[in-house]
Amino acid sequence: MADSEKMVPTKVLPTADVYPKRIMEYIEGFLISKTLFTSCELGVFDVLLGSERSLSAEEISQAVGASLDGTERLLAACAGMQLLNRHQDDGKVCYSNTEQARLFLTRSSPLSLYQSIHYHSKTIYLCWHYLTDAVREGRNQYEKAFGVSSGELFEAIYRSDEEMVKFMQLMHSIWNICGKDVVTAFDLSPFKVICDLGGCSGALAKHCTSAYPECTVTIFDLPKVVHMSKEHFIKEDDQRISFHEGDFFKDSLPEAELYILARILHDWTDERCVELLQRIYKACKPGGAVLVVEALLKEDGSGPLTTQLYSLNMLVQTEGRERTDVQYAALLTAAGFTNIRHCLTGKIYDAVLGHKKA
């Protein structure tokens with residue numbers, strides 16, 4: 001038989017009942033996030049919180065200043081996402097907050113994620129529009145997204161007072177949810193003098209002073225961040241929390257028994273991380289330690305998915321990446337720290353503790 005006459009295997013086409021469920025869910029994922037963003041921005045959950053009864057779409061549309069048709073569609077989607085309860089009241093469809101919405105999506109809740117959602121909607125979402133460029137170029141996309149140079153990372157992130165406060169509110173809401181878990185992942189009670197480097201709004205410092213009544217915490221951050229923290233987040237009557245202005249790559253660090261780096265190292269390259277950790281090791285009292293708080297990847301990098309996505313976000317927004325506990329241990333070891341341990345909290349952020357010999 002000639003080569004041209006040889007049998008070519010027939011391709012088996014998928015049957016009509018095959019449905020790419022997971023792929024379709026991923027494609028539709030941005031629709032879900034934008035629905036959440038819009039509902040928070042309009043104040044849907046706040047309106048329902050302020051009411052003593054379920055409300056109709058017409059009542060909600062009037063309260064938030066939106067069209068009735070658009071509001072009906074938005075509320076139906078929120079009910080489908082299990083963010084709202086849907087009721088029948090005298091033949092009329094009415095809505096109320098679910099417990100999750102009441103706790104995490106209303107602005108007045110102590111556990112509110114509203115500011116985190118706002119930052120994702122207005123800042124992170126715009127950066128992710130350039131994810132393809134970030135992957136191709138291997139660098140962050142602040143210049144394309146916002147027209148500002150990313151040469152100085154936090155000059156780009158803090159490009160205006162409004163953006164700085166939004167970022168600080170994001171961090172504040174995250175530590176309101178996860179802060180207690182990370183500061184109690186290890187027993188930190190032996191450390192009485194704590195320095196929270198890049199401590200931002202002071203939310204983690206508050207968790208420290210709450211969990212360890214004998215400690216004091218110094219928040220070390222850029223002068224403009226310290227100013228905003230004093231103005232918006234930390235009360236002057238909190239005697240156990242103080243501030244120290246500076247750049248932790250350039251200025252002298254205050255002496256402490258424990259240094260906290262919460263969501264700091266993931267912003268930077270390995271080289272910059274070791275540089276910062278060496279500066280901490282030099283300033284740290286003998287017998288002291290450093291607590292690194294980050295979302296940890298599995299050792300083989302196979303998950304968790306949330307952390308893998310965070311690592312993509314670090315590509316889009318920063319110079320850094322998410323890492324495994326082994327990779328953080330290597331950075332700490334390179335700076336001189338020993339007896340390095342890690343603890344998985346079961347939530348988004350985990351803890352790694354390294355010690356300086358006494």
# chains A, B, ... in the order shown; residues from 1 in each chain; ligands from 1
>>> residues_around(residues="Val135 (chain A)", least_positions_apart="3", cutoff="12 Å", atoms="only C-alpha atoms", output="ChimeraX atom specification")
/A:128-132,138-141,311-317
>>> write_last_selection(atoms="N, CA, C and O atoms", output="PDB file, in the first residue's frame")
ATOM      1  N   TRP A 128      -4.547  43.901  36.632  1.00  0.00           N
ATOM      2  CA  TRP A 128      -4.721  42.580  36.028  1.00  0.00           C
ATOM      3  C   TRP A 128      -5.188  42.662  34.574  1.00  0.00           C
ATOM      4  O   TRP A 128      -5.098  41.674  33.841  1.00  0.00           O
ATOM      5  N   HIS A 129      -5.649  43.799  34.166  1.00  0.00           N
ATOM      6  CA  HIS A 129      -5.956  43.982  32.745  1.00  0.00           C
ATOM      7  C   HIS A 129      -4.696  43.773  31.906  1.00  0.00           C
ATOM      8  O   HIS A 129      -4.782  43.408  30.726  1.00  0.00           O
ATOM      9  N   TYR A 130      -3.522  43.968  32.520  1.00  0.00           N
ATOM     10  CA  TYR A 130      -2.246  43.849  31.817  1.00  0.00           C
ATOM     11  C   TYR A 130      -1.477  42.598  32.235  1.00  0.00           C
ATOM     12  O   TYR A 130      -0.254  42.544  32.111  1.00  0.00           O
ATOM     13  N   LEU A 131      -2.190  41.571  32.698  1.00  0.00           N
ATOM     14  CA  LEU A 131      -1.523  40.334  33.121  1.00  0.00           C
ATOM     15  C   LEU A 131      -0.735  39.704  31.977  1.00  0.00           C
ATOM     16  O   LEU A 131       0.385  39.224  32.186  1.00  0.00           O
ATOM     17  N   THR A 132      -1.289  39.686  30.784  1.00  0.00           N
ATOM     18  CA  THR A 132      -0.572  39.099  29.644  1.00  0.00           C
ATOM     19  C   THR A 132       0.755  39.803  29.434  1.00  0.00           C
ATOM     20  O   THR A 132       1.794  39.157  29.210  1.00  0.00           O
ATOM     21  N   GLY A 138       7.730  39.897  32.402  1.00  0.00           N
ATOM     22  CA  GLY A 138       8.292  39.509  33.690  1.00  0.00           C
ATOM     23  C   GLY A 138       8.453  40.661  34.659  1.00  0.00           C
ATOM     24  O   GLY A 138       9.344  40.652  35.505  1.00  0.00           O
ATOM     25  N   ARG A 139       7.552  41.652  34.570  1.00  0.00           N
ATOM     26  CA  ARG A 139       7.645  42.789  35.495  1.00  0.00           C
ATOM     27  C   ARG A 139       6.261  43.382  35.732  1.00  0.00           C
ATOM     28  O   ARG A 139       5.308  43.108  35.011  1.00  0.00           O
ATOM     29  N   ASN A 140       6.185  44.238  36.772  1.00  0.00           N
ATOM     30  CA  ASN A 140       4.883  44.800  37.148  1.00  0.00           C
ATOM     31  C   ASN A 140       4.393  45.821  36.117  1.00  0.00           C
ATOM     32  O   ASN A 140       5.160  46.291  35.274  1.00  0.00           O
ATOM     33  N   GLN A 141       3.101  46.141  36.218  1.00  0.00           N
ATOM     34  CA  GLN A 141       2.433  46.896  35.149  1.00  0.00           C
ATOM     35  C   GLN A 141       1.849  48.236  35.624  1.00  0.00           C
ATOM     36  O   GLN A 141       0.879  48.731  35.052  1.00  0.00           O
ATOM     37  N   SER A 311       0.656  34.912  43.779  1.00  0.00           N
ATOM     38  CA  SER A 311       1.985  35.045  43.196  1.00  0.00           C
ATOM     39  C   SER A 311       1.907  35.727  41.827  1.00  0.00           C
ATOM     40  O   SER A 311       2.775  36.546  41.479  1.00  0.00           O
ATOM     41  N   LEU A 312       0.863  35.421  41.060  1.00  0.00           N
ATOM     42  CA  LEU A 312       0.640  36.160  39.816  1.00  0.00           C
ATOM     43  C   LEU A 312       0.394  37.637  40.107  1.00  0.00           C
ATOM     44  O   LEU A 312       0.863  38.515  39.374  1.00  0.00           O
ATOM     45  N   ASN A 313      -0.330  37.924  41.175  1.00  0.00           N
ATOM     46  CA  ASN A 313      -0.592  39.317  41.552  1.00  0.00           C
ATOM     47  C   ASN A 313       0.699  40.031  41.918  1.00  0.00           C
ATOM     48  O   ASN A 313       0.865  41.223  41.630  1.00  0.00           O
ATOM     49  N   MET A 314       1.624  39.315  42.567  1.00  0.00           N
ATOM     50  CA  MET A 314       2.926  39.911  42.880  1.00  0.00           C
ATOM     51  C   MET A 314       3.678  40.264  41.598  1.00  0.00           C
ATOM     52  O   MET A 314       4.374  41.279  41.534  1.00  0.00           O
ATOM     53  N   LEU A 315       3.525  39.436  40.566  1.00  0.00           N
ATOM     54  CA  LEU A 315       4.139  39.743  39.274  1.00  0.00           C
ATOM     55  C   LEU A 315       3.539  41.010  38.680  1.00  0.00           C
ATOM     56  O   LEU A 315       4.253  41.882  38.175  1.00  0.00           O
ATOM     57  N   VAL A 316       2.226  41.137  38.740  1.00  0.00           N
ATOM     58  CA  VAL A 316       1.533  42.281  38.152  1.00  0.00           C
ATOM     59  C   VAL A 316       1.825  43.569  38.914  1.00  0.00           C
ATOM     60  O   VAL A 316       1.945  44.641  38.312  1.00  0.00           O
ATOM     61  N   GLN A 317       1.986  43.468  40.247  1.00  0.00           N
ATOM     62  CA  GLN A 317       2.046  44.674  41.074  1.00  0.00           C
ATOM     63  C   GLN A 317       3.398  44.983  41.709  1.00  0.00           C
ATOM     64  O   GLN A 317       3.638  46.127  42.090  1.00  0.00           O
TER      65      GLN A 317
END
>>> closest_atom_pairs(of="region 111-166 of chain A", to="region 228-249 of chain A", cutoff="10 Å", atoms="only C-alpha atoms", output="Markdown table")
| residue | atom | partner | partner_atom | distance |
| --- | --- | --- | --- | --- |
| A:Asp161 | CA | A:Met228 | CA | 8.7 |
| A:Met164 | CA | A:Met228 | CA | 8.4 |
| A:Val165 | CA | A:Met228 | CA | 7.2 |
>>> write_last_selection(atoms="C-alpha atoms", output="PDB file, in the first residue's frame")
ATOM      1  CA  ASP A 161      -2.892  60.160  49.448  1.00  0.00           C
ATOM      2  CA  MET A 164      -2.267  55.234  50.162  1.00  0.00           C
ATOM      3  CA  VAL A 165      -5.325  55.304  52.430  1.00  0.00           C
TER       4      VAL A 165
END
>>> select_by_dssp(residues="region 162-322 of chain A", states="alpha helix (DSSP H)", output="number ranges by chain")
A: 162-183, 203-211, 223-232, 270-283, 305-317
>>> residues_around(residues="region 146-156 of chain A", least_positions_apart="6", cutoff="9 Å", atoms="only C-alpha atoms", output="ChimeraX atom specification")
/A:123,126-127,140,267,317-319
>>> write_last_selection(atoms="N, CA and C atoms", output="CSV table (one decimal), in the first residue's frame")
chain,number,residue,atom,x,y,z
A,123,THR,N,-8.1,49.2,42.0
A,123,THR,CA,-6.6,49.2,41.7
A,123,THR,C,-6.2,47.8,41.2
A,126,LEU,N,-7.5,46.8,37.7
A,126,LEU,CA,-6.9,47.5,36.6
A,126,LEU,C,-5.6,47.0,36.2
A,127,CYS,N,-4.8,46.6,37.2
A,127,CYS,CA,-3.4,46.0,37.0
A,127,CYS,C,-3.6,44.7,36.2
A,140,ASN,N,6.2,44.2,36.8
A,140,ASN,CA,4.9,44.8,37.1
A,140,ASN,C,4.4,45.8,36.1
A,267,ASP,N,6.9,41.1,48.4
A,267,ASP,CA,7.0,42.3,47.5
A,267,ASP,C,8.3,42.3,46.8
A,317,GLN,N,2.0,43.5,40.2
A,317,GLN,CA,2.0,44.7,41.1
A,317,GLN,C,3.4,45.0,41.7
A,318,THR,N,4.3,44.0,41.9
A,318,THR,CA,5.5,44.2,42.7
A,318,THR,C,6.7,43.7,42.0
A,319,GLU,N,7.8,43.5,42.8
A,319,GLU,CA,9.0,42.9,42.3
A,319,GLU,C,9.2,41.5,42.8
>>> residues_around(residues="Lys285 (chain A)", least_positions_apart="2", cutoff="9 Å", atoms="only C-alpha atoms", output="list in words")
Glu255, Ala256, Glu257, Leu258, Tyr281, Lys282, Ala283, Gly287, Gly288, Ala289, Lys356 and Ala358 of chain A
>>> write_last_selection(atoms="C-alpha atoms", output="PDB file, in the first residue's frame")
ATOM      1  CA  GLU A 255      16.487  47.619  68.466  1.00  0.00           C
ATOM      2  CA  ALA A 256      13.883  44.994  69.343  1.00  0.00           C
ATOM      3  CA  GLU A 257      13.507  41.427  70.573  1.00  0.00           C
ATOM      4  CA  LEU A 258      11.085  40.460  67.801  1.00  0.00           C
ATOM      5  CA  TYR A 281      19.590  40.405  62.122  1.00  0.00           C
ATOM      6  CA  LYS A 282      22.114  43.146  62.867  1.00  0.00           C
ATOM      7  CA  ALA A 283      19.562  45.251  64.810  1.00  0.00           C
ATOM      8  CA  GLY A 287      18.067  35.648  71.544  1.00  0.00           C
ATOM      9  CA  GLY A 288      15.541  37.603  69.505  1.00  0.00           C
ATOM     10  CA  ALA A 289      13.619  36.515  66.435  1.00  0.00           C
ATOM     11  CA  LYS A 356      19.034  34.888  66.430  1.00  0.00           C
ATOM     12  CA  ALA A 358      21.646  34.403  72.298  1.00  0.00           C
TER      13      ALA A 358
END
>>> residues_around(residues="Tyr114 (chain A)", least_positions_apart="6", cutoff="8 Å", atoms="only C-alpha atoms", output="PyMOL selection string")
chain A and resi 40+104-107+173
>>> write_last_selection(atoms="C-alpha atoms", output="compact mmCIF listing (two decimals), in the first residue's frame")
# COMPACT_ATOMS: atom_id res chain seq x y z
CA CYS A 40 -20.58 46.85 47.64
CA PHE A 104 -18.04 40.82 55.87
CA LEU A 105 -19.71 43.06 53.28
CA THR A 106 -21.23 45.87 55.33
CA ARG A 107 -18.98 48.85 55.96
CA SER A 173 -9.35 44.72 56.81
>>> atom_distance(atom1="CA of Cys200 (chain A)", atom2="CA of Phe337 (chain A)")
24.9 Å
>>> atom_distance(atom1="CA of Cys273 (chain A)", atom2="CA of Ser252 (chain A)")
16.5 Å
>>> select_by_dssp(residues="region 13-256 of chain A", states="strand (DSSP E)", output="MDAnalysis selection string")
chainID A and resid 55:56 84:89 92:97 193:197 216:221 241:245 256
>>> residues_around(residues="Ala79 (chain A)", least_positions_apart="5", cutoff="10 Å", atoms="only C-alpha atoms", output="JSON, numbers by chain")
{"A": [73, 74, 84, 85, 86, 95, 96, 97, 98]}
>>> write_last_selection(atoms="N, CA and C atoms", output="JSON list (two decimals), in the first residue's frame")
[["chain", "number", "residue", "atom", "x", "y", "z"],
["A", 73, "ARG", "N", -31.81, 42.81, 38.49],
["A", 73, "ARG", "CA", -30.85, 41.83, 37.96],
["A", 73, "ARG", "C", -29.68, 41.63, 38.93],
["A", 74, "LEU", "N", -29.20, 42.72, 39.50],
["A", 74, "LEU", "CA", -28.09, 42.64, 40.45],
["A", 74, "LEU", "C", -28.47, 41.84, 41.69],
["A", 84, "LEU", "N", -27.32, 37.13, 49.33],
["A", 84, "LEU", "CA", -28.60, 37.65, 49.79],
["A", 84, "LEU", "C", -29.61, 36.51, 49.94],
["A", 85, "ASN", "N", -30.49, 36.67, 50.91],
["A", 85, "ASN", "CA", -31.65, 35.78, 51.04],
["A", 85, "ASN", "C", -32.79, 36.35, 50.21],
["A", 86, "ARG", "N", -33.53, 35.48, 49.53],
["A", 86, "ARG", "CA", -34.67, 35.91, 48.70],
["A", 86, "ARG", "C", -35.97, 35.40, 49.32],
["A", 95, "TYR", "N", -35.59, 41.00, 49.68],
["A", 95, "TYR", "CA", -34.23, 40.52, 49.93],
["A", 95, "TYR", "C", -33.75, 40.96, 51.31],
["A", 96, "SER", "N", -32.85, 40.13, 51.87],
["A", 96, "SER", "CA", -32.16, 40.46, 53.12],
["A", 96, "SER", "C", -30.74, 39.92, 53.05],
["A", 97, "ASN", "N", -29.87, 40.43, 53.90],
["A", 97, "ASN", "CA", -28.48, 39.97, 53.94],
["A", 97, "ASN", "C", -28.38, 38.55, 54.48],
["A", 98, "THR", "N", -27.48, 37.75, 53.91],
["A", 98, "THR", "CA", -27.09, 36.52, 54.56],
["A", 98, "THR", "C", -26.15, 36.87, 55.72]]
>>> atom_distance(atom1="CA of Leu276 (chain A)", atom2="CA of Ala335 (chain A)")
8.6 Å
>>> closest_residue(among="A:Thr324, A:Thr306, A:Thr71, A:Gln100", to="Lys347 (chain A)", atoms="only C-alpha atoms")
A:Thr306
>>> residues_around(residues="Glu294 (chain A)", least_positions_apart="6", cutoff="7 Å", atoms="only C-alpha atoms", output="list in words")
Ala262, Arg263, Tyr349, Asp350 and Ala351 of chain A
>>> write_last_selection(atoms="N, CA and C atoms", output="JSON list (two decimals), in the first residue's frame")
[["chain", "number", "residue", "atom", "x", "y", "z"],
["A", 262, "ALA", "N", 5.13, 41.31, 57.92],
["A", 262, "ALA", "CA", 3.84, 40.77, 57.48],
["A", 262, "ALA", "C", 3.52, 41.28, 56.08],
["A", 263, "ARG", "N", 3.47, 40.37, 55.16],
["A", 263, "ARG", "CA", 3.22, 40.71, 53.75],
["A", 263, "ARG", "C", 4.24, 41.75, 53.24],
["A", 349, "TYR", "N", -3.08, 33.41, 55.48],
["A", 349, "TYR", "CA", -1.69, 33.74, 55.80],
["A", 349, "TYR", "C", -1.14, 32.82, 56.87],
["A", 350, "ASP", "N", 0.14, 32.46, 56.69],
["A", 350, "ASP", "CA", 0.85, 31.54, 57.57],
["A", 350, "ASP", "C", 2.02, 32.27, 58.21],
["A", 351, "ALA", "N", 2.77, 31.56, 59.04],
["A", 351, "ALA", "CA", 3.84, 32.19, 59.81],
["A", 351, "ALA", "C", 5.13, 31.36, 59.75]]
